[in-house]
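Enquirer: Here it is: the structure, laid out below.
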Amino acid sequence: MRSFLPTVVPATVPTILASTILVPLFLLILRGIYHVYFSPLSSIPGPWYAAVSEIWILVHTLRCRKVRAIDDLFKAYGPVVRIAPTTIAFLDKDHEQQTTRLVYNALKLDKGPLYDMVHMNGHLHSVAIIEHSVHAKYRRIFSSHYSPGNIALLHPDMKASAELLVQKVLEAKDRPLDIFPGIHLVMIDLILKSTFGHDQGALEAWSEHSHDIIMSAIEDYGRLILIQGIVPDWLFGVVRRFPNKRWQTFCSSGDTLFNTMAEFVREQQKEKDAGRMDERDKPTLIERFFAHNATCAPADRLSFEDMTSESMTHLLAGVDASAVAVAYILWRFASQPLSVKQKIQAELDSAMPDAGVIPDWKTLHNLPILDALFKEGLRLHGPIPTFLERLAPKGGPLDLLGYQLPAGTVIGTQSWSMHRNGGIFRDPEEFDVFRWLDSDQPQDAMLQAWAPYGLGTRICIGQHLARGAIKTVLAALLRNFDVLPFPETNDESMEMMELFGMFPVGLSCKLNFRSRA
Ligand code: HEM
């Protein structure tokens, strides 16, 4: 009897091999050849391995050194480089920063695809909105909440937090102290106050052995978003079941934060229903959402989840960034020559004759040396110096520094490189506070190139809050303490690790605080 089996089985092995390995490999090679030789972006400088596939930039993202890798390409290839098959990085060399202005402001571009992965526990919010037109409408709902005038109303809370921080440092009784958690807690208290009018008292509860649930969830969720952005959903769905308590807490950090914020939104709703909101001297962020809902068309109303996710974003965007900035400034201050420290402290001594009384908002912002310290800190240690991607617009190629980019090309620059541009900043790697007060240096160009809060239409909405809180905390600490180095906190532990935002690799900032009283 004739069997059909023998003829079928041997034939399938090479067929399967070819279809599962060789065909995709062949297509990948074809795609790579297309990108390197035939794509409209082929003429843009850059290494071939970055042009062939996204793997090169992905590997650097996973190694937490994407900004450095892009910066190296600028040094090797000039101000326009191809960092992935359809992604172009540029760096304005001229003082006018024309290309930067065009891309981030004038053209009103949409954001790039990276932002799609930062939904808050699955919900949309200002950072993740891709379309410019949708975002512009959305941001108008709450931009007045973050205006300088409105943020100034939060200054009494900033002062109270900074004074409490001084007390907490005094309690350490000249023992070296990791200030990093303390600043996180200051920011948690301030942002919850501004968003919900809520007194969290996170800093009050701070001790060496305490553990703040919101602070831990913020730390975890920042990392979780990145992992979820890189690992496919199905794989993450499998690994998240791993029965380890710490891992489970890590994986549910988004839920922890979302549920906490949701509870605060509910409390605000109760306040509103009970008619108690009008009694406040300053409206909360949530109150502005309610006011918007009361006046807009039903289709434009913010849902309960929208409000929760937006609040969660402000907490996540604001706490880490501000805490990282303060930690680096204090660390840099600690290792400055005595003469520099004395100049900085002399200004504070005269603005704060009583070390316990922090100057008012206007005086604080008119202290030139404090301002220079703040600017120099954010120049070299901006917490978000990363590649901020936008999309080349539909309808015709975009002329970018002489190159024609088709619609949909991802383009962007990064403040890491802008802040280290030797054509603008003299000895750019030096931490030199007084460069900002030196009339021999190009102050206008330096200010144009200083972009720690991002750029244009999507610039950080919390910048006035951050600036006010950071300066208030710095004034209080540097007026009250001589901040001195601690050997464990060094170049290695403070190496900047990139997880979209930057963090000191040691995730701490232990310094010596000697009371000046
Ligand atoms: C030193 C402190 C801070 C730095 C360096 C910083 C930096 C940035 C940067 C670079 C962006 C732009 C991101 C992009 O284009 O993708 C941004 C956006 C944003 N930041 Fe900040 N930030 C800080 C503090 C804060 C604070 C305190 C808050 C809120 C309380 C906040 C809330 C936001 C929000 C909501 C956005 C999105 C704005 C939008 O797209 O409309 N940030 N921030």
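Residue numbering restarts at 1 for every chain of the structure tokens, chains are lettered A, B, ... in their displayed order, and ligands are numbered from 1 as they appear.
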Please identify all polymer residues within 10 Å of Glu430 of chain A, counting only C-alpha atoms, omitting same-chain residues fewer than 4 positions from it, and present them as a ChimeraX atom specification.
Expert: /A:376,380,420,425-426,435
Enquirer: Skipping near chain neighbours, those fewer than 4 positions away, what residues fall within 9 Å of segment 245-256 of chain A using only C-alpha atoms, listed as an MDAnalysis selection string?
Expert: chainID A and resid 120:121 213:214 216:221 223:225 240:241 260:261
Enquirer: Can I get the residues close to ligand 1 as a ChimeraX atom specification, where close means within 7 Å and we count only C-alpha atoms and all ligand atoms?
Expert: /A:126-127,135,139,191,313-315,317-319,321-322,325,382-385,388,452-455,458-463,465-467
Enquirer: Which is closer to Ala407 of chain A than all the others in A:Glu96, A:Lys394, A:Pro148, A:Asp300, using only C-alpha atoms?
Expert: A:Lys394
Enquirer: Which residues, written as a PyMOL selection string, have at least one atom at most 10 Å from Asp320 of chain A, with only C-alpha atoms counted and residues fewer than 3 positions away on the same chain left out?
Expert: chain A and resi 180-181+183-185+187-188+215+218-219+222+315-317+323-325+383+501-503
Enquirer: Could you please take those selected residues and save N, CA and C atoms as a compact mmCIF listing (two decimals), in the first residue's frame?
Expert:
# COMPACT_ATOMS: atom_id res chain seq x y z
N PHE A 180 18.23 63.11 49.82
CA PHE A 180 17.40 62.80 48.64
C PHE A 180 15.94 62.50 49.02
N PRO A 181 15.70 61.58 49.98
CA PRO A 181 14.29 61.33 50.33
C PRO A 181 13.59 62.56 50.89
N ILE A 183 13.94 65.68 50.15
CA ILE A 183 13.47 66.61 49.10
C ILE A 183 12.29 66.00 48.34
N HIS A 184 12.35 64.71 48.13
CA HIS A 184 11.18 64.04 47.50
C HIS A 184 9.92 64.33 48.31
N LEU A 185 10.05 64.21 49.63
CA LEU A 185 8.87 64.36 50.49
C LEU A 185 8.36 65.81 50.48
N MET A 187 8.49 67.75 47.95
CA MET A 187 7.77 67.93 46.68
C MET A 187 6.43 67.19 46.70
N ILE A 188 6.39 66.03 47.34
CA ILE A 188 5.11 65.31 47.44
C ILE A 188 4.10 66.17 48.19
N MET A 215 6.06 57.87 47.92
CA MET A 215 7.41 58.05 47.37
C MET A 215 7.91 56.74 46.72
N ILE A 218 6.12 56.17 43.45
CA ILE A 218 6.61 57.05 42.38
C ILE A 218 7.90 56.48 41.79
N GLU A 219 8.81 56.07 42.69
CA GLU A 219 10.09 55.51 42.22
C GLU A 219 9.84 54.28 41.36
N GLY A 222 7.96 54.95 37.79
CA GLY A 222 8.82 55.54 36.75
C GLY A 222 9.57 54.45 36.00
N LEU A 315 2.24 64.74 39.75
CA LEU A 315 3.02 64.23 40.87
C LEU A 315 4.29 63.53 40.35
N LEU A 316 4.10 62.65 39.37
CA LEU A 316 5.26 61.91 38.85
C LEU A 316 6.25 62.83 38.15
N ALA A 317 5.73 63.78 37.37
CA ALA A 317 6.63 64.66 36.62
C ALA A 317 7.37 65.59 37.55
N ALA A 323 13.48 66.84 42.95
CA ALA A 323 14.37 66.26 43.97
C ALA A 323 15.75 65.99 43.38
N VAL A 324 15.78 65.50 42.15
CA VAL A 324 17.08 65.23 41.51
C VAL A 324 17.85 66.54 41.36
N ALA A 325 17.16 67.59 40.93
CA ALA A 325 17.83 68.88 40.73
C ALA A 325 18.45 69.38 42.04
N PRO A 383 17.33 67.37 35.22
CA PRO A 383 16.82 66.02 35.43
C PRO A 383 16.16 65.40 34.19
N GLY A 501 14.09 60.35 32.54
CA GLY A 501 14.68 61.37 33.41
C GLY A 501 16.01 60.83 33.92
N MET A 502 16.79 61.74 34.52
CA MET A 502 18.10 61.33 35.05
C MET A 502 18.03 61.13 36.56
N PHE A 503 18.81 60.17 37.04
CA PHE A 503 18.89 59.91 38.48
C PHE A 503 20.34 59.66 38.85
Enquirer: Counting only C-alpha atoms, which of A:Ser508, A:Asn421, A:Thr409, A:Asn293 gets nearest to Gln97 of chain A?
Expert: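 For Gln97 of chain A, the nearest of the given residues is A:Asn421.
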Enquirer: Residues within 10 Å of Gly396 of chain A, please, as JSON, numbers by chain. Count only C-alpha atoms; anything in the same chain fewer than 6 positions from it doesn't count.
Expert: {"A": [404, 405, 406, 407]}
Enquirer: Since we have the selection now, will you write its residues out, keeping N, CA, C and O atoms, as an mmCIF file, in the first residue's frame?
Expert:
data_model
loop_
_atom_site.group_PDB
_atom_site.id
_atom_site.type_symbol
_atom_site.label_atom_id
_atom_site.label_comp_id
_atom_site.auth_asym_id
_atom_site.auth_seq_id
_atom_site.Cartn_x
_atom_site.Cartn_y
_atom_site.Cartn_z
ATOM 1 N N GLN A 404 15.987 67.578 3.623
ATOM 2 C CA GLN A 404 14.535 67.481 3.415
ATOM 3 C C GLN A 404 14.001 66.239 4.136
ATOM 4 O O GLN A 404 14.361 65.116 3.785
ATOM 5 N N LEU A 405 13.157 66.451 5.130
ATOM 6 C CA LEU A 405 12.646 65.313 5.909
ATOM 7 C C LEU A 405 11.198 65.026 5.534
ATOM 8 O O LEU A 405 10.344 65.922 5.631
ATOM 9 N N PRO A 406 10.897 63.773 5.138
ATOM 10 C CA PRO A 406 9.506 63.465 4.797
ATOM 11 C C PRO A 406 8.595 63.487 6.024
ATOM 12 O O PRO A 406 9.074 63.345 7.165
ATOM 13 N N ALA A 407 7.304 63.654 5.781
ATOM 14 C CA ALA A 407 6.320 63.645 6.872
ATOM 15 C C ALA A 407 6.500 62.377 7.701
ATOM 16 O O ALA A 407 6.786 61.311 7.164
#
Enquirer: Output as an MDAnalysis selection string all residues of segment 270-329 of chain A that backbone DSSP marks as helix (DSSP H, G or I).
Expert: chainID A and resid 270:273 277:279 285:295 298:300 304:329
Enquirer: Measuring between only C-alpha atoms, which one of A:Trp331, A:Leu391, A:Gly468, A:Gly456 shows the shortest distance to Cys509 of chain A?
Expert: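 Checking each of A:Trp331, A:Leu391, A:Gly468, A:Gly456 against Cys509 of chain A, counting only C-alpha atoms, the winner is A:Trp331.
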Enquirer: Given only C-alpha atoms as the basis, pick out the residue of A:Pro298, A:Leu107, A:Phe196, A:Pro85 nearest to Ser43 of chain A.
Expert: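 Ranking A:Pro298, A:Leu107, A:Phe196, A:Pro85 by distance to Ser43 of chain A, first place goes to A:Pro85.
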Enquirer: Can you tell me which residues surround Arg63 of chain A at a distance of at most 12 Å, considering only C-alpha atoms, apart from same-chain residues fewer than 6 positions away, and format the answer as number ranges by chain?
Expert: A: 56-57, 69, 497-500
Enquirer: For all heavy atoms, I'd like the residues from the last selection saved as a CSV table (one decimal), in the first residue's frame.
Expert:
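What follows is the written file part-v8.csv:
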chain,number,residue,atom,x,y,z
A,56,TRP,N,20.3,49.8,17.5
A,56,TRP,CA,21.4,50.5,18.1
A,56,TRP,C,20.9,51.5,19.2
A,56,TRP,O,21.4,51.5,20.3
A,56,TRP,CB,22.1,51.3,17.0
A,56,TRP,CG,23.3,52.1,17.5
A,56,TRP,CD1,24.5,51.6,17.9
A,56,TRP,CD2,23.3,53.5,17.8
A,56,TRP,NE1,25.3,52.7,18.4
A,56,TRP,CE2,24.5,53.8,18.4
A,56,TRP,CE3,22.3,54.5,17.7
A,56,TRP,CZ2,24.9,55.1,18.8
A,56,TRP,CZ3,22.7,55.8,18.1
A,56,TRP,CH2,23.9,56.1,18.6
A,57,ILE,N,19.9,52.3,18.9
A,57,ILE,CA,19.4,53.3,19.8
A,57,ILE,C,18.7,52.6,21.0
A,57,ILE,O,18.7,53.0,22.2
A,57,ILE,CB,18.5,54.4,19.2
A,57,ILE,CG1,18.4,55.6,20.0
A,57,ILE,CG2,17.1,53.9,18.8
A,57,ILE,CD1,19.7,56.4,20.1
A,69,ALA,N,24.9,58.7,24.0
A,69,ALA,CA,25.1,58.2,22.7
A,69,ALA,C,24.8,59.2,21.6
A,69,ALA,O,25.6,59.4,20.6
A,69,ALA,CB,24.3,56.9,22.5
A,497,MET,N,22.2,58.5,35.7
A,497,MET,CA,21.7,57.3,35.0
A,497,MET,C,20.4,57.7,34.4
A,497,MET,O,19.5,58.4,35.0
A,497,MET,CB,21.4,56.3,36.1
A,497,MET,CG,20.6,55.1,35.7
A,497,MET,SD,20.5,53.9,37.0
A,497,MET,CE,19.3,54.7,38.1
A,498,GLU,N,20.2,57.4,33.1
A,498,GLU,CA,19.1,57.9,32.3
A,498,GLU,C,18.0,56.9,32.3
A,498,GLU,O,18.1,55.8,31.7
A,498,GLU,CB,19.6,58.2,30.9
A,498,GLU,CG,18.5,58.7,30.0
A,498,GLU,CD,19.0,58.9,28.6
A,498,GLU,OE1,20.2,58.8,28.3
A,498,GLU,OE2,18.2,59.1,27.7
A,499,LEU,N,16.8,57.3,32.8
A,499,LEU,CA,15.6,56.4,32.7
A,499,LEU,C,14.5,57.4,32.2
A,499,LEU,O,13.6,57.7,32.9
A,499,LEU,CB,15.2,55.9,34.0
A,499,LEU,CG,16.2,54.9,34.7
A,499,LEU,CD1,15.8,54.7,36.1
A,499,LEU,CD2,16.3,53.6,33.9
A,500,PHE,N,14.7,57.9,31.0
A,500,PHE,CA,14.0,59.1,30.4
A,500,PHE,C,14.4,60.3,31.2
A,500,PHE,O,15.0,61.2,30.7
A,500,PHE,CB,12.4,59.0,30.4
A,500,PHE,CG,11.9,60.2,29.6
A,500,PHE,CD1,12.0,60.2,28.2
A,500,PHE,CD2,11.2,61.2,30.2
A,500,PHE,CE1,11.6,61.3,27.5
A,500,PHE,CE2,10.7,62.3,29.5
A,500,PHE,CZ,10.9,62.4,28.1
Enquirer: Could you check the closest approach to Leu400 of chain A for each of A:Lys272, A:His365, A:Arg101, A:Lys168 and tell me which residue wins, using only C-alpha atoms?
Expert: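 Smallest distance to Leu400 of chain A is found for A:Arg101.
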Enquirer: Looking at A:Gly402, A:Gly395, A:Pro353, A:Pro368, which one is nearest to Phe434 of chain A, with distances taken over only C-alpha atoms?
Expert: A:Pro368
Enquirer: Name the residues of segment 167-412 of chain A that come out as strand (DSSP E) in a backbone DSSP run; write them as a VMD selection string.
Expert: chain A and resid 177 to 178 387 to 391 398 to 400 403 to 405 410 to 412
Enquirer: Would you pick out the contacts of Tyr138 of chain A at 9 Å or less, using only C-alpha atoms, so that residues sharing its chain but fewer than 4 positions from it are not included, and give the list as a list of chain:residue names?
Expert: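 Counting only C-alpha atoms, the residues come to A:His125, A:Ser126, A:Ser133, A:Val134, A:Phe142.
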